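Chemist: Below is one structure. I have some questions about it.
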Amino acid sequence: MVDFLDKVSGFVWGPPLLILIVGTGLYLTFRLGFVQITALPTALINAFTRRKQDKLSEGDITHYQALTTAMAATVGTGNIVGVATAVIAGGPGAVFWMWVMAIFGMATKYAEAVLAVKYRVKDAKGEMAGGPMYYLERGLNAKWLAILFAIFGSIAAFGIGNMVQANSVSAAASNTFNIPTWVTGIVLFIITAIVILGGIKSIGRVTAYLVPVMAVFYVFGGLIIMILNVDLVPTAFNIILTDAFTANAIGGGILGTVIRYGVARGIFSNEAGLGSAPIAAAAAKTDYAGRQGLVSMTQVFIDTIIVCSITGITIVMADLHQTGIDGGALTSESFAVFLGTPGMYIVGIATILFAYSTLIGWSYYGEKCFNYLFKSTKAITIYRTVWVFVVLFGSITLIDIVWLFSDIFNALMAIPNLIGLLGLSGVVAYETKRFLKVAKEEKAAEKRAKVS
């Protein structure tokens, strides 16, 4: 069974899906006029400032909380283990292709959020509900695709969003601090229950504090390494850029392998195209779909361009990727090369925080998919209860088959979502023009206010 699922996973994550994901990002980039570059300053301002109109708009959480909820689910083990795996399998050049994927992925993430807000609805509890399920049904008139996405999302959440993350937390706590896995499991069970039983508002409040702390903690550790070893940084960049086009560092490797692993791990890390993040974006208090779209696309920028780069550059600087060390251990050992034992603690603590944040972020994604299928407040209660017990189980043991199921259903989520993005790209283009005109007027008004 494991061998069979491994083959299925390799097939669904093969070149056709990767080409579809990258192709969608490219298409949206050109159709939207490179909005991820031209509007990035506006996006960052909207993400980290509160505006009067936001308080008056419909929604359950602020722009910032919607962003941090999505980032909580996205900034996870992929930023530590995924990057290391990409460098091991594809060479240092894979980091460059992760950057390329992130640039086009920003356009994809933008489009996802725009459609999520455009087609969101209020559920039986009076909360906002949106995401691929709703824009596939209400925008594309393809309810069968919406149902498929919801099924795939509900199943994937228990794997990649729950058991895998819970197990990563307990493993990191055990390896770093010698804490028994069952102790970690009980603690996770309690704190996860407290957070997710309160719904999206509770999740939003927690992620608003947790995400900045964990990201700054990890990034700060990496920046210390670069500052103390500034002479190695240009060399690391040169290796990454050279290997991106020659594949010299992987001895006989093929350039396509470098690109494949860079693209695949970039997607695994920032989730652009999978359809997960727009579920959180739909809950944001916003007056224009385009405004939340800009805020959401900054998630990819922070996740890959900043956080993943810290991992990738540190690994290349340490030059341990050809020594046989695997996955997260490579990142830990690379930090230790420059900072000693404290470096290993930084990676260990970051792994715990990243994995836990993913766990609570994905609980919301899975819940909304489940609620779309059954449309019952009772179903939500059942889902949340089952979720926290699976956290306990995942902390203690993780079957290999869970990883494979997670990979497969993550890929299956992407297919209907990408169909929706391409089919509704005209709607995204219209909403983009509409909001950018408003944003220009707002900027002019602010200038006039300063002058007066």
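Naming works like this for the structure tokens: A, B, ... for the chains as they're shown, residue 1 at the start of each chain, ligands 1 onward in shown order.
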Tell me, counting only C-alpha atoms, for each residue of range 254-335 of chain A within 12 Å of range 367-378 of chain A, which pair of atoms is nearest and how far apart they are in Å to one decimal, in rows ordered by chain and increasing number, as a tab-separated table.
Modeler:
```
residue	atom	partner	partner_atom	distance
A:Gly275	CA	A:Cys369	CA	11.0
A:Ser276	CA	A:Cys369	CA	9.8
A:Ala277	CA	A:Lys368	CA	11.7
A:Pro278	CA	A:Lys368	CA	11.1
A:Ile279	CA	A:Lys368	CA	7.4
A:Ala280	CA	A:Lys368	CA	9.4
A:Ala282	CA	A:Lys368	CA	10.8
A:Ala283	CA	A:Lys368	CA	10.9
```
Chemist: Deliver the residues from the most recent selection as a file, using C-alpha atoms, as a JSON list (two decimals), in the first residue's frame.
Modeler:
```json
[["chain", "number", "residue", "atom", "x", "y", "z"],
["A", 275, "GLY", "CA", -6.71, 26.98, -2.43],
["A", 276, "SER", "CA", -6.13, 26.87, 1.32],
["A", 277, "ALA", "CA", -5.28, 30.49, 2.20],
["A", 278, "PRO", "CA", -8.33, 32.10, 0.53],
["A", 279, "ILE", "CA", -10.51, 30.34, 3.11],
["A", 280, "ALA", "CA", -8.96, 32.60, 5.76],
["A", 282, "ALA", "CA", -12.76, 35.36, 3.10],
["A", 283, "ALA", "CA", -13.19, 36.11, 6.82]]
```
Chemist: Fewer than 4 positions away in the same chain doesn't count, so skip those; otherwise give me all residues within 8 Å of Ala281 in chain A, counting only C-alpha atoms, as a PyMOL selection string.
Modeler: chain A and resi 63+66-67+70+113+116-117+130-131+277+292+296
Chemist: For the residues in that selection, give me C-alpha atoms as a CSV table (one decimal), in the first residue's frame.
Modeler:
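The result, stored in out.csv:
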```
chain,number,residue,atom,x,y,z
A,63,HIS,CA,-6.9,42.2,7.4
A,66,ALA,CA,-6.7,37.1,8.2
A,67,LEU,CA,-3.1,37.4,7.0
A,70,ALA,CA,-3.1,32.2,6.6
A,113,ALA,CA,-8.1,36.1,-2.1
A,116,ALA,CA,-12.7,34.4,-1.9
A,117,VAL,CA,-14.0,37.8,-0.8
A,130,GLY,CA,-15.5,31.6,1.5
A,131,GLY,CA,-12.8,30.0,-0.5
A,277,ALA,CA,-5.3,30.5,2.2
A,292,GLN,CA,-7.7,41.8,0.7
A,296,SER,CA,-3.0,38.1,1.1
```
Chemist: Within 12 Å of range 394-417 of chain A, which residues of range 116-219 of chain A show up? Give each one with its shortest atom-to-atom distance in Å (one decimal) and the two atoms involved, counting only C-alpha atoms, rows by chain then rising residue number, as a tab-separated table.
Modeler:
```
residue	atom	partner	partner_atom	distance
A:Ala116	CA	A:Asn417	CA	11.2
A:Gly131	CA	A:Asn417	CA	9.2
A:Pro132	CA	A:Asn417	CA	5.8
A:Met133	CA	A:Asn417	CA	8.4
A:Tyr134	CA	A:Asn417	CA	10.6
A:Tyr135	CA	A:Asn417	CA	9.1
A:Leu136	CA	A:Asn417	CA	7.7
A:Glu137	CA	A:Pro416	CA	11.1
A:Leu140	CA	A:Pro416	CA	10.8
A:Ala142	CA	A:Pro416	CA	9.6
A:Lys143	CA	A:Pro416	CA	10.6
A:Trp144	CA	A:Pro416	CA	9.5
A:Leu145	CA	A:Pro416	CA	5.8
A:Ala146	CA	A:Pro416	CA	7.4
A:Ile147	CA	A:Pro416	CA	9.6
A:Leu148	CA	A:Pro416	CA	7.6
A:Phe149	CA	A:Met413	CA	5.3
A:Ala150	CA	A:Met413	CA	8.1
A:Ile151	CA	A:Met413	CA	8.6
A:Phe152	CA	A:Phe409	CA	5.5
A:Gly153	CA	A:Met413	CA	6.1
A:Ser154	CA	A:Phe409	CA	9.2
A:Ile155	CA	A:Phe409	CA	7.0
A:Ala156	CA	A:Ser406	CA	5.1
A:Ala157	CA	A:Ser406	CA	7.9
A:Phe158	CA	A:Ser406	CA	8.1
A:Gly159	CA	A:Ser406	CA	5.0
A:Ile160	CA	A:Ser406	CA	5.2
A:Gly161	CA	A:Ser406	CA	8.5
A:Asn162	CA	A:Gly394	CA	7.3
A:Met163	CA	A:Gly394	CA	4.2
A:Val164	CA	A:Gly394	CA	6.8
A:Gln165	CA	A:Gly394	CA	8.0
A:Ala166	CA	A:Ser395	CA	4.8
A:Asn167	CA	A:Ser395	CA	4.4
A:Ser168	CA	A:Ser395	CA	7.7
A:Val169	CA	A:Ser395	CA	7.3
A:Ser170	CA	A:Ser395	CA	5.5
A:Ala171	CA	A:Ser395	CA	8.0
A:Ala172	CA	A:Ser395	CA	10.7
A:Ala173	CA	A:Ser395	CA	10.5
A:Ser174	CA	A:Ser395	CA	10.8
A:Ile179	CA	A:Ser395	CA	11.8
A:Pro180	CA	A:Ile396	CA	9.0
A:Thr181	CA	A:Ile396	CA	5.5
A:Trp182	CA	A:Ile396	CA	5.7
A:Val183	CA	A:Ser395	CA	9.1
A:Thr184	CA	A:Ser395	CA	7.0
A:Gly185	CA	A:Ser395	CA	4.9
A:Ile186	CA	A:Ser395	CA	8.6
A:Val187	CA	A:Ser395	CA	10.0
A:Leu188	CA	A:Ser395	CA	8.1
A:Phe189	CA	A:Ser395	CA	9.1
```
Chemist: By how many Å are CA of Gly266 in chain A and CA of Met98 in chain A apart?
Modeler: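 Interatomic distance, CA of Gly266 in chain A to CA of Met98 in chain A: 4.7 Å.
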Chemist: Please provide as a list in words all residues within 6 Å of range 32-40 of chain A, with the sequence filter that same-chain residues fewer than 2 positions apart are discarded (counting only C-alpha atoms).
Modeler: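 The filter keeps Leu28, Thr29, Phe30, Thr42, Ala43, Met106, Ala107 and Ala429 of chain A.
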Chemist: Tell me, in Å to one decimal, how far CA of Lys285 in chain A is from CA of Trp387 in chain A.
Modeler: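 Distance between the two atoms: 26.8 Å.
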Chemist: With only C-alpha atoms as the counted atoms, please give the residues lying no more than 12 Å from Arg31 in chain A, apart from itself and same-chain residues fewer than 6 positions off, as a PDB file with C-alpha atoms, in the first residue's frame.
Modeler:
```pdb
ATOM      1  CA  THR A  24      -1.494  29.792 -13.821  1.00  0.00           C
ATOM      2  CA  GLY A  25       0.845  32.109 -11.923  1.00  0.00           C
ATOM      3  CA  PHE A 104       4.479  34.250  -9.757  1.00  0.00           C
ATOM      4  CA  ALA A 107      -0.237  36.704  -8.355  1.00  0.00           C
ATOM      5  CA  THR A 108      -1.949  33.363  -7.759  1.00  0.00           C
ATOM      6  CA  ALA A 111      -6.363  36.065  -7.290  1.00  0.00           C
ATOM      7  CA  LEU A 422      -8.269  30.417 -14.761  1.00  0.00           C
ATOM      8  CA  LEU A 424     -12.627  33.465 -13.283  1.00  0.00           C
ATOM      9  CA  SER A 425      -9.500  35.408 -14.211  1.00  0.00           C
ATOM     10  CA  GLY A 426     -11.692  38.014 -15.936  1.00  0.00           C
ATOM     11  CA  VAL A 427     -13.468  38.705 -12.640  1.00  0.00           C
ATOM     12  CA  VAL A 428     -10.106  39.084 -10.900  1.00  0.00           C
ATOM     13  CA  ALA A 429      -8.904  41.520 -13.578  1.00  0.00           C
ATOM     14  CA  TYR A 430     -12.066  43.618 -13.198  1.00  0.00           C
ATOM     15  CA  THR A 432      -8.147  44.665  -9.678  1.00  0.00           C
ATOM     16  CA  LYS A 433      -8.791  47.657 -11.934  1.00  0.00           C
TER      17      LYS A 433
END
```
Chemist: Work out how far CA of Met297 in chain A is from CA of Tyr119 in chain A, in Å to one decimal.
Modeler: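 Taking CA of Tyr119 in chain A and CA of Met297 in chain A, their separation equals 18.2 Å.
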Chemist: Enumerate as a PyMOL selection string all residues of range 130-321 of chain A assigned to alpha helix (DSSP H) by DSSP on the backbone, naming them with the chain letters and numbers the document uses.
Modeler: chain A and resi 132-134+143-158+164-177+181-196+199-228+233-246+255-270+277-281+289-300+309-318
Chemist: Which residue is closest to Lys109 in chain A? Choose from A:Ile302, A:Ala72, A:Ala272, A:Leu436 and count only C-alpha atoms.
Modeler: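 Going through A:Ile302, A:Ala72, A:Ala272, A:Leu436 one by one, the smallest distance to Lys109 in chain A is for A:Ala272.
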Chemist: From the set A:Thr176, A:Ser334, A:Gln65, A:Asn270, which residue has the shortest atom-to-atom contact distance to Gly78 in chain A, counting only C-alpha atoms?
Modeler: A:Asn270
Chemist: With only C-alpha atoms as the basis for distance, which of A:Thr69, A:Gly343, A:Tyr27, A:Val12 is at the shortest distance from Ile196 in chain A?
Modeler: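 Closest to Ile196 in chain A of all the choices is A:Thr69.
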Chemist: Extract, using only C-alpha atoms, all DNA, RNA and protein residues at most 10 Å from Leu339 in chain A, discarding same-chain residues fewer than 3 positions from it, and format them as a PDB file with all heavy atoms, in the first residue's frame.
Modeler:
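Output (selection-v6.pdb):
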```pdb
ATOM      1  N   GLY A 221      17.569  34.968  14.050  1.00  0.00           N
ATOM      2  CA  GLY A 221      18.650  33.996  14.208  1.00  0.00           C
ATOM      3  C   GLY A 221      19.464  33.867  12.930  1.00  0.00           C
ATOM      4  O   GLY A 221      20.701  33.828  12.958  1.00  0.00           O
ATOM      5  N   GLY A 222      18.765  33.802  11.795  1.00  0.00           N
ATOM      6  CA  GLY A 222      19.451  33.698  10.509  1.00  0.00           C
ATOM      7  C   GLY A 222      20.240  34.946  10.166  1.00  0.00           C
ATOM      8  O   GLY A 222      21.351  34.869   9.622  1.00  0.00           O
ATOM      9  N   ILE A 224      21.589  37.047  12.258  1.00  0.00           N
ATOM     10  CA  ILE A 224      22.796  37.079  13.096  1.00  0.00           C
ATOM     11  C   ILE A 224      23.918  36.288  12.426  1.00  0.00           C
ATOM     12  O   ILE A 224      25.071  36.716  12.376  1.00  0.00           O
ATOM     13  CB  ILE A 224      22.503  36.506  14.499  1.00  0.00           C
ATOM     14  CG1 ILE A 224      21.631  37.479  15.298  1.00  0.00           C
ATOM     15  CG2 ILE A 224      23.802  36.229  15.257  1.00  0.00           C
ATOM     16  CD1 ILE A 224      21.211  36.953  16.650  1.00  0.00           C
ATOM     17  N   ILE A 225      23.548  35.109  11.895  1.00  0.00           N
ATOM     18  CA  ILE A 225      24.535  34.273  11.196  1.00  0.00           C
ATOM     19  C   ILE A 225      25.120  35.021   9.998  1.00  0.00           C
ATOM     20  O   ILE A 225      26.343  35.029   9.786  1.00  0.00           O
ATOM     21  CB  ILE A 225      23.880  32.950  10.725  1.00  0.00           C
ATOM     22  CG1 ILE A 225      23.555  32.060  11.931  1.00  0.00           C
ATOM     23  CG2 ILE A 225      24.796  32.211   9.750  1.00  0.00           C
ATOM     24  CD1 ILE A 225      22.784  30.818  11.587  1.00  0.00           C
ATOM     25  N   LEU A 228      27.408  38.011  11.193  1.00  0.00           N
ATOM     26  CA  LEU A 228      28.678  37.544  11.759  1.00  0.00           C
ATOM     27  C   LEU A 228      29.573  36.896  10.710  1.00  0.00           C
ATOM     28  O   LEU A 228      30.787  36.776  10.901  1.00  0.00           O
ATOM     29  CB  LEU A 228      28.410  36.556  12.901  1.00  0.00           C
ATOM     30  CG  LEU A 228      27.720  37.123  14.146  1.00  0.00           C
ATOM     31  CD1 LEU A 228      27.480  36.007  15.168  1.00  0.00           C
ATOM     32  CD2 LEU A 228      28.545  38.245  14.761  1.00  0.00           C
ATOM     33  N   GLU A 333      21.802  21.476  11.768  1.00  0.00           N
ATOM     34  CA  GLU A 333      23.266  21.364  11.741  1.00  0.00           C
ATOM     35  C   GLU A 333      23.903  22.597  11.097  1.00  0.00           C
ATOM     36  O   GLU A 333      24.985  23.026  11.505  1.00  0.00           O
ATOM     37  CB  GLU A 333      23.687  20.105  10.981  1.00  0.00           C
ATOM     38  CG  GLU A 333      23.340  18.790  11.666  1.00  0.00           C
ATOM     39  CD  GLU A 333      24.157  18.562  12.932  1.00  0.00           C
ATOM     40  OE1 GLU A 333      25.241  19.173  13.073  1.00  0.00           O
ATOM     41  OE2 GLU A 333      23.703  17.778  13.783  1.00  0.00           O
ATOM     42  N   SER A 334      23.243  23.163  10.096  1.00  0.00           N
ATOM     43  CA  SER A 334      23.767  24.355   9.423  1.00  0.00           C
ATOM     44  C   SER A 334      23.783  25.545  10.372  1.00  0.00           C
ATOM     45  O   SER A 334      24.756  26.315  10.407  1.00  0.00           O
ATOM     46  CB  SER A 334      22.929  24.677   8.173  1.00  0.00           C
ATOM     47  OG  SER A 334      23.021  23.636   7.223  1.00  0.00           O
ATOM     48  N   PHE A 335      22.714  25.733  11.133  1.00  0.00           N
ATOM     49  CA  PHE A 335      22.685  26.803  12.131  1.00  0.00           C
ATOM     50  C   PHE A 335      23.759  26.562  13.195  1.00  0.00           C
ATOM     51  O   PHE A 335      24.394  27.506  13.675  1.00  0.00           O
ATOM     52  CB  PHE A 335      21.301  26.882  12.781  1.00  0.00           C
ATOM     53  CG  PHE A 335      20.344  27.801  12.087  1.00  0.00           C
ATOM     54  CD1 PHE A 335      19.872  27.512  10.809  1.00  0.00           C
ATOM     55  CD2 PHE A 335      19.902  28.956  12.703  1.00  0.00           C
ATOM     56  CE1 PHE A 335      18.988  28.359  10.165  1.00  0.00           C
ATOM     57  CE2 PHE A 335      19.012  29.825  12.070  1.00  0.00           C
ATOM     58  CZ  PHE A 335      18.556  29.521  10.794  1.00  0.00           C
ATOM     59  N   ALA A 336      23.950  25.291  13.553  1.00  0.00           N
ATOM     60  CA  ALA A 336      24.930  24.940  14.591  1.00  0.00           C
ATOM     61  C   ALA A 336      26.364  25.207  14.140  1.00  0.00           C
ATOM     62  O   ALA A 336      27.233  25.487  14.968  1.00  0.00           O
ATOM     63  CB  ALA A 336      24.768  23.473  14.978  1.00  0.00           C
ATOM     64  N   PRO A 342      23.255  26.868  20.565  1.00  0.00           N
ATOM     65  CA  PRO A 342      22.136  27.808  20.445  1.00  0.00           C
ATOM     66  C   PRO A 342      21.484  27.774  19.056  1.00  0.00           C
ATOM     67  O   PRO A 342      20.276  27.982  18.928  1.00  0.00           O
ATOM     68  CB  PRO A 342      22.799  29.165  20.701  1.00  0.00           C
ATOM     69  CG  PRO A 342      23.937  28.847  21.614  1.00  0.00           C
ATOM     70  CD  PRO A 342      24.460  27.531  21.105  1.00  0.00           C
ATOM     71  N   GLY A 343      22.298  27.511  18.019  1.00  0.00           N
ATOM     72  CA  GLY A 343      21.743  27.421  16.669  1.00  0.00           C
ATOM     73  C   GLY A 343      20.761  26.278  16.537  1.00  0.00           C
ATOM     74  O   GLY A 343      19.709  26.403  15.896  1.00  0.00           O
ATOM     75  N   MET A 344      21.070  25.144  17.176  1.00  0.00           N
ATOM     76  CA  MET A 344      20.178  23.986  17.141  1.00  0.00           C
ATOM     77  C   MET A 344      18.890  24.284  17.922  1.00  0.00           C
ATOM     78  O   MET A 344      17.808  23.858  17.529  1.00  0.00           O
ATOM     79  CB  MET A 344      20.884  22.769  17.729  1.00  0.00           C
ATOM     80  CG  MET A 344      22.134  22.372  16.951  1.00  0.00           C
ATOM     81  SD  MET A 344      22.934  20.880  17.557  1.00  0.00           S
ATOM     82  CE  MET A 344      21.808  19.632  16.930  1.00  0.00           C
ATOM     83  N   TYR A 345      19.033  25.048  19.008  1.00  0.00           N
ATOM     84  CA  TYR A 345      17.847  25.427  19.786  1.00  0.00           C
ATOM     85  C   TYR A 345      16.937  26.356  18.984  1.00  0.00           C
ATOM     86  O   TYR A 345      15.707  26.257  19.056  1.00  0.00           O
ATOM     87  CB  TYR A 345      18.252  26.112  21.091  1.00  0.00           C
ATOM     88  CG  TYR A 345      18.687  25.152  22.172  1.00  0.00           C
ATOM     89  CD1 TYR A 345      19.902  25.314  22.838  1.00  0.00           C
ATOM     90  CD2 TYR A 345      17.886  24.079  22.545  1.00  0.00           C
ATOM     91  CE1 TYR A 345      20.306  24.425  23.841  1.00  0.00           C
ATOM     92  CE2 TYR A 345      18.267  23.192  23.532  1.00  0.00           C
ATOM     93  CZ  TYR A 345      19.479  23.369  24.173  1.00  0.00           C
ATOM     94  OH  TYR A 345      19.866  22.480  25.150  1.00  0.00           O
ATOM     95  N   ILE A 346      17.540  27.264  18.229  1.00  0.00           N
ATOM     96  CA  ILE A 346      16.749  28.183  17.402  1.00  0.00           C
ATOM     97  C   ILE A 346      15.894  27.397  16.412  1.00  0.00           C
ATOM     98  O   ILE A 346      14.690  27.636  16.280  1.00  0.00           O
ATOM     99  CB  ILE A 346      17.666  29.172  16.640  1.00  0.00           C
ATOM    100  CG1 ILE A 346      18.256  30.191  17.613  1.00  0.00           C
ATOM    101  CG2 ILE A 346      16.882  29.893  15.530  1.00  0.00           C
ATOM    102  CD1 ILE A 346      19.299  31.113  16.989  1.00  0.00           C
TER     103      ILE A 346
END
```
Chemist: Skipping near chain neighbours, those fewer than 3 positions away, what residues fall within 7 Å of Thr351 in chain A using only C-alpha atoms, listed as a list in words?
Modeler: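 These residues fall inside the cut-off: Thr77, Val169, Ala172, Val347, Gly348, Phe354 and Ala355 of chain A.
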Chemist: Counting only C-alpha atoms, figure out which residue out of A:Lys437, A:Gly90, A:Glu271, A:Val391 gets nearest to Phe245 in chain A.
Modeler: A:Gly90
